[in-house]
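Written below as structure tokens is the structure these notes are about.
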Amino acid sequence: MDKLVTLWEGSGLYNLELGQAVMILVGLGLLYLAIYKKFEPLLLVPIGFGGILANIPEAGLAISALDQAIEVAKPAVLQQMGVALGATLDPLSNAEAWRESLKAIAHDSAAPDQVRAAKDIAMNVGYGDGMLYSFYSVAIASGIAPLIIFMGVGAMTDFGPLLANPRTLFLGAAAQFGIFATLFGAVALSSMGIMDFSLNQAAAIGIIGGADGPTSIYVSSVLAPELLGAIAVAAYAYMALVPLIQPPIMRLLTTQKERQIKMTQLRPVSKLEKVVFPLVLLILVALFLPDAAPLLGMFCFGNLMRECGVVERLSDTAQNALINIVTIILGLSVGSKLMAESFLSFETLGILGLGIVAFGIGTAAGVLMAKLMNLMSKMPINPLIGAAGVSAVPMAARVANKVGLEANPHNFLLMHAMGPNVAGVIGSAVAAGVMIKYLG
Amino acid sequence: MQDLGLLQDGLALMALGMGVVFVFLTILVISVTLMSKLIGRFQPVPVAVDTGKKSSPSSVPSAQSDEVMAAISAAVHRYRSTRRR
């Protein structure tokens with residue numbers, strides 16, 4: 001009978017907390033969106049599945065050896081760790097109370113060497129870091145995975161349309177207003193006492209408006225790792241929703257006549273220009289904005305591999321095999337941040353709300369900038385391509401093309417919209433660099 | 001009072017961020033334009049180079065075609081003969 005009780009007490013059903021159950025449902029919801037609604041399935045499938053894995057009770061896949069030991073170790077081990085952490089454990093209360101107080105001490109007040117000592121004790125009695133925790137520390141905490149993905153994106157990007165019409169870079173810059181307006185919105189919400197975001201957290205939320213998955217993950221892993229799960233989910237979910245979010249804003253801000261504007265044919269761009277461009281960008285980053293160097297450096301490297309034409313194999317690996325491998329690990333690591341205690345809070349709702357505002361403001365700023373440029377320059381610019389300034393390559397460019405075709409069935413804007421689209425990638429990486437410089 | 005400070009910080013970061021993004025991309029626009037002009041000067045009319053490359057291979061196949069046809073028919077013949085056995 002005792003054995004049966006032990007077995008029951010070790011089961012998932014006995015240990016399942018409400019929060020974990022809700023998070024498993026959230027994970028299933030993400031899988032539903034990915035599989036049936038085709039929302040960025042490449043990322044949301046690993047993220048959703050990782051979220052389910054992270055919330056399996058007692059398995060502790062997403063927590064460190066120390067946390068795991070605190071949660072499940074025998075009282076004798078807890079006492080040892082208490083000594084190491086310099087905590088006084090009340091001998092009269094039970095083990096559950098000890099676990100609570102040890103957890104609080106290990107995460108807030110203990111000195112780094114005390115935490116390390118306690119972790120050694122946990123490791124010695126046989127507890128190890130959870131699988132997802134290890135993935136997270138290797139892939140995201142180190143910053144490697146988003147950067148490798150950025151390299152792959154660079155290897156997939158064709159800068160031809162941008163080089164043919166460099167002024168479209170301004171559209172990519174204007175759309176970054178979404179990032180900073182949202183940052184300000186988050187700060188305003190917390191100064192009004194509705195939410196509670198620090199400046200770092202506000203910046204990490206704002207970067208959702210960059211509509212760029214790897215950039216969002218990179219910035220939030222540096223500035224606000226505790227919000228990473230919600231931010232990554234919001235960023236990828238809204239990128240999938242671009243075809244729904246953008247068109248109403250674009251129609252609202254343009255007239256039928258403006259949407260019908262035809263743009264002049266792009267000039268052909270020589271191969272040499274394409275080879276030199278990533279180097280020019282790299283040198284400018286080195287000279288003016290070293291803090292954007294990790295992101296833009298990898299981006300330029302990927303693009304140079306693509307364009308130089310002598311390392312086909314490397315370029316092919318960067319844009320296929322490598323980016324796929326890293327996407328799997330990145331997705332699972334993001335899923336590990338979907339743990340009940342950090343995700344189920346009022347703030348998550350705020351992040352989801354602010355994220356969609358960020359997309360909207362970015363789109364509007366891009367369109368308005370394009371209208372301004374159209375007034376000032378001799379070459380006609382269709383304001384719709386401004387909306388593509390919020391990266392989300394190539395979805396946003398396709399949306400611009402589609403809305404343009406609705407107004408004039410013979411007006412193909414896709415190539416024109418690719419310019420601001422890739423400019424948006426550069427713009428959001430620059431914005432990320434500024435924020436990390438200012439707050440990091 | 002602290003809240004007002006946070007608000008100010010946010011505003012400052014917004015202005016600084018947008019400023020840097022615009023300045024950096026303006027510099028990029030200028031340097032890309034310059035680069036394109038320079039390259040256009042030293043390596044003029046890429047279109048002409050392209051057509052030159054394309055026209056020269058087109059003449060080669062006619063010279064090669066006999067050889068290629070011979071090779072292909074030999075391969076086909078050999079393949080068929082091995083299959084029949």
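Residues in the structure tokens are numbered from 1 in each chain, the chains being A, B, ... in the order shown, and ligands are numbered from 1 in the order shown.
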(message) Just want the 8 Å neighbourhood of range 173-185 of chain A, counted on only C-alpha atoms, with same-chain residues fewer than 4 positions away dropped. Output as a PyMOL selection string.
(response) (chain A and resi 169+189+202-210+354-355+357-366+369+386-387+389-390+423-424+427-428+431) or (chain B and resi 7+10-11+13-14+17-18+21-22+25)
Kindly export the residues of the current selection with C-alpha atoms, as an mmCIF file, in the first residue's frame.
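And here's selection-v3.cif as it stands now:
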```cif
data_model
loop_
_atom_site.group_PDB
_atom_site.id
_atom_site.type_symbol
_atom_site.label_atom_id
_atom_site.label_comp_id
_atom_site.auth_asym_id
_atom_site.auth_seq_id
_atom_site.Cartn_x
_atom_site.Cartn_y
_atom_site.Cartn_z
ATOM 1 C CA LEU A 169 16.058 52.735 -46.480
ATOM 2 C CA LEU A 189 1.408 52.412 -18.601
ATOM 3 C CA ALA A 202 9.685 48.333 -21.877
ATOM 4 C CA ALA A 203 12.510 48.324 -24.431
ATOM 5 C CA ALA A 204 12.298 44.560 -24.844
ATOM 6 C CA ILE A 205 8.531 44.827 -25.382
ATOM 7 C CA GLY A 206 8.944 47.629 -27.894
ATOM 8 C CA ILE A 207 11.257 45.543 -30.056
ATOM 9 C CA ILE A 208 8.256 43.339 -30.899
ATOM 10 C CA GLY A 209 7.400 46.226 -33.251
ATOM 11 C CA GLY A 210 10.582 45.435 -35.179
ATOM 12 C CA LEU A 354 1.411 46.464 -26.668
ATOM 13 C CA GLY A 355 2.883 44.165 -29.324
ATOM 14 C CA VAL A 357 0.028 48.366 -31.076
ATOM 15 C CA ALA A 358 3.709 48.307 -32.010
ATOM 16 C CA PHE A 359 2.932 46.612 -35.321
ATOM 17 C CA GLY A 360 0.180 49.098 -36.062
ATOM 18 C CA ILE A 361 2.243 52.191 -35.283
ATOM 19 C CA GLY A 362 5.195 50.863 -37.277
ATOM 20 C CA THR A 363 2.996 50.251 -40.309
ATOM 21 C CA ALA A 364 1.405 53.687 -40.033
ATOM 22 C CA ALA A 365 4.777 55.429 -39.663
ATOM 23 C CA GLY A 366 6.119 53.637 -42.728
ATOM 24 C CA MET A 369 6.926 58.453 -44.439
ATOM 25 C CA GLY A 386 6.131 52.029 -46.674
ATOM 26 C CA ALA A 387 4.174 49.419 -44.741
ATOM 27 C CA GLY A 389 9.294 48.803 -43.617
ATOM 28 C CA VAL A 390 8.344 46.731 -40.568
ATOM 29 C CA ALA A 423 15.753 47.990 -44.862
ATOM 30 C CA GLY A 424 13.414 47.244 -41.958
ATOM 31 C CA GLY A 427 16.601 49.361 -39.089
ATOM 32 C CA SER A 428 15.394 47.092 -36.307
ATOM 33 C CA ALA A 431 17.336 50.102 -32.998
ATOM 34 C CA LEU B 7 8.622 58.612 -18.230
ATOM 35 C CA GLY B 10 11.425 56.582 -21.928
ATOM 36 C CA LEU B 11 11.017 59.798 -23.869
ATOM 37 C CA LEU B 13 15.341 56.799 -25.263
ATOM 38 C CA MET B 14 12.628 57.261 -27.883
ATOM 39 C CA GLY B 17 16.729 55.794 -30.698
ATOM 40 C CA MET B 18 14.794 57.275 -33.590
ATOM 41 C CA VAL B 21 18.253 54.967 -36.565
ATOM 42 C CA PHE B 22 17.623 57.847 -38.963
ATOM 43 C CA LEU B 25 20.391 54.886 -42.276
#
```
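Taking only C-alpha atoms into account, chain A lies nearest to B:Val29 out of the set B:Leu38, B:Val29, B:Ser73, B:Ala12.
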(message) Quick check: residues of chain B within 10 Å of chain A, only C-alpha atoms, returned as a PyMOL selection string.
(response) chain B and resi 1-33+35-40+43-47+49-50
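Between CA of Leu332 in chain A and CA of Ala230 in chain A the interatomic distance comes to 13.9 Å.
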(request) Can you list, as a PyMOL selection string, all residues belonging to range 63-126 of chain A that DSSP tags as helix (DSSP H, G or I)? (result) chain A and resi 65-72+75-85+95-109+112-124
Suppose we keep C-alpha atoms; can you now write the selection as a tab-separated table (two decimals), in the first residue's frame?
```tsv
chain	number	residue	atom	x	y	z
A	65	ALA	CA	19.81	21.53	-10.97
A	66	LEU	CA	19.52	23.80	-7.94
A	67	ASP	CA	15.83	24.59	-8.44
A	68	GLN	CA	15.11	20.98	-9.12
A	69	ALA	CA	16.83	19.88	-5.92
A	70	ILE	CA	14.96	22.51	-3.94
A	71	GLU	CA	11.68	21.27	-5.31
A	72	VAL	CA	12.07	17.53	-4.90
A	75	PRO	CA	14.93	17.08	3.82
A	76	ALA	CA	18.53	16.10	4.63
A	77	VAL	CA	19.72	17.53	1.32
A	78	LEU	CA	17.63	20.63	1.88
A	79	GLN	CA	19.37	21.20	5.19
A	80	GLN	CA	22.79	20.90	3.54
A	81	MET	CA	21.77	23.42	0.91
A	82	GLY	CA	20.36	25.68	3.57
A	83	VAL	CA	23.79	25.78	5.22
A	84	ALA	CA	25.44	26.54	1.89
A	85	LEU	CA	23.01	29.36	1.16
A	95	ALA	CA	9.91	20.39	4.31
A	96	GLU	CA	7.44	22.30	2.13
A	97	ALA	CA	8.07	25.49	4.08
A	98	TRP	CA	11.82	24.91	3.74
A	99	ARG	CA	11.47	24.58	-0.01
A	100	GLU	CA	9.61	27.87	-0.21
A	101	SER	CA	12.16	29.79	1.83
A	102	LEU	CA	15.15	28.20	0.05
A	103	LYS	CA	13.67	29.09	-3.32
A	104	ALA	CA	13.19	32.70	-2.29
A	105	ILE	CA	16.72	32.94	-0.92
A	106	ALA	CA	18.38	31.25	-3.91
A	107	HIS	CA	16.70	33.63	-6.36
A	108	ASP	CA	16.93	36.90	-4.49
A	109	SER	CA	19.31	37.39	-1.63
A	112	PRO	CA	26.72	34.14	-6.37
A	113	ASP	CA	29.29	31.92	-4.63
A	114	GLN	CA	26.67	30.67	-2.16
A	115	VAL	CA	24.38	29.77	-5.03
A	116	ARG	CA	27.25	27.96	-6.71
A	117	ALA	CA	28.01	26.00	-3.53
A	118	ALA	CA	24.36	25.00	-3.17
A	119	LYS	CA	24.29	23.97	-6.82
A	120	ASP	CA	27.34	21.78	-6.28
A	121	ILE	CA	25.54	20.02	-3.43
A	122	ALA	CA	22.53	19.46	-5.69
A	123	MET	CA	24.75	18.09	-8.47
A	124	ASN	CA	26.57	15.80	-6.00
```
(request) Just give me the gap between CA of Val125 in chain A and CA of Ser142 in chain A in Å, one decimal is fine. (result) 27.4 Å
(message) Using only C-alpha atoms, which protein or nucleic acid residues come within 8 Å of Ala397 in chain A? Drop anything in the same chain fewer than 3 positions from it, and give the result as a count of residues only.
(response) 11
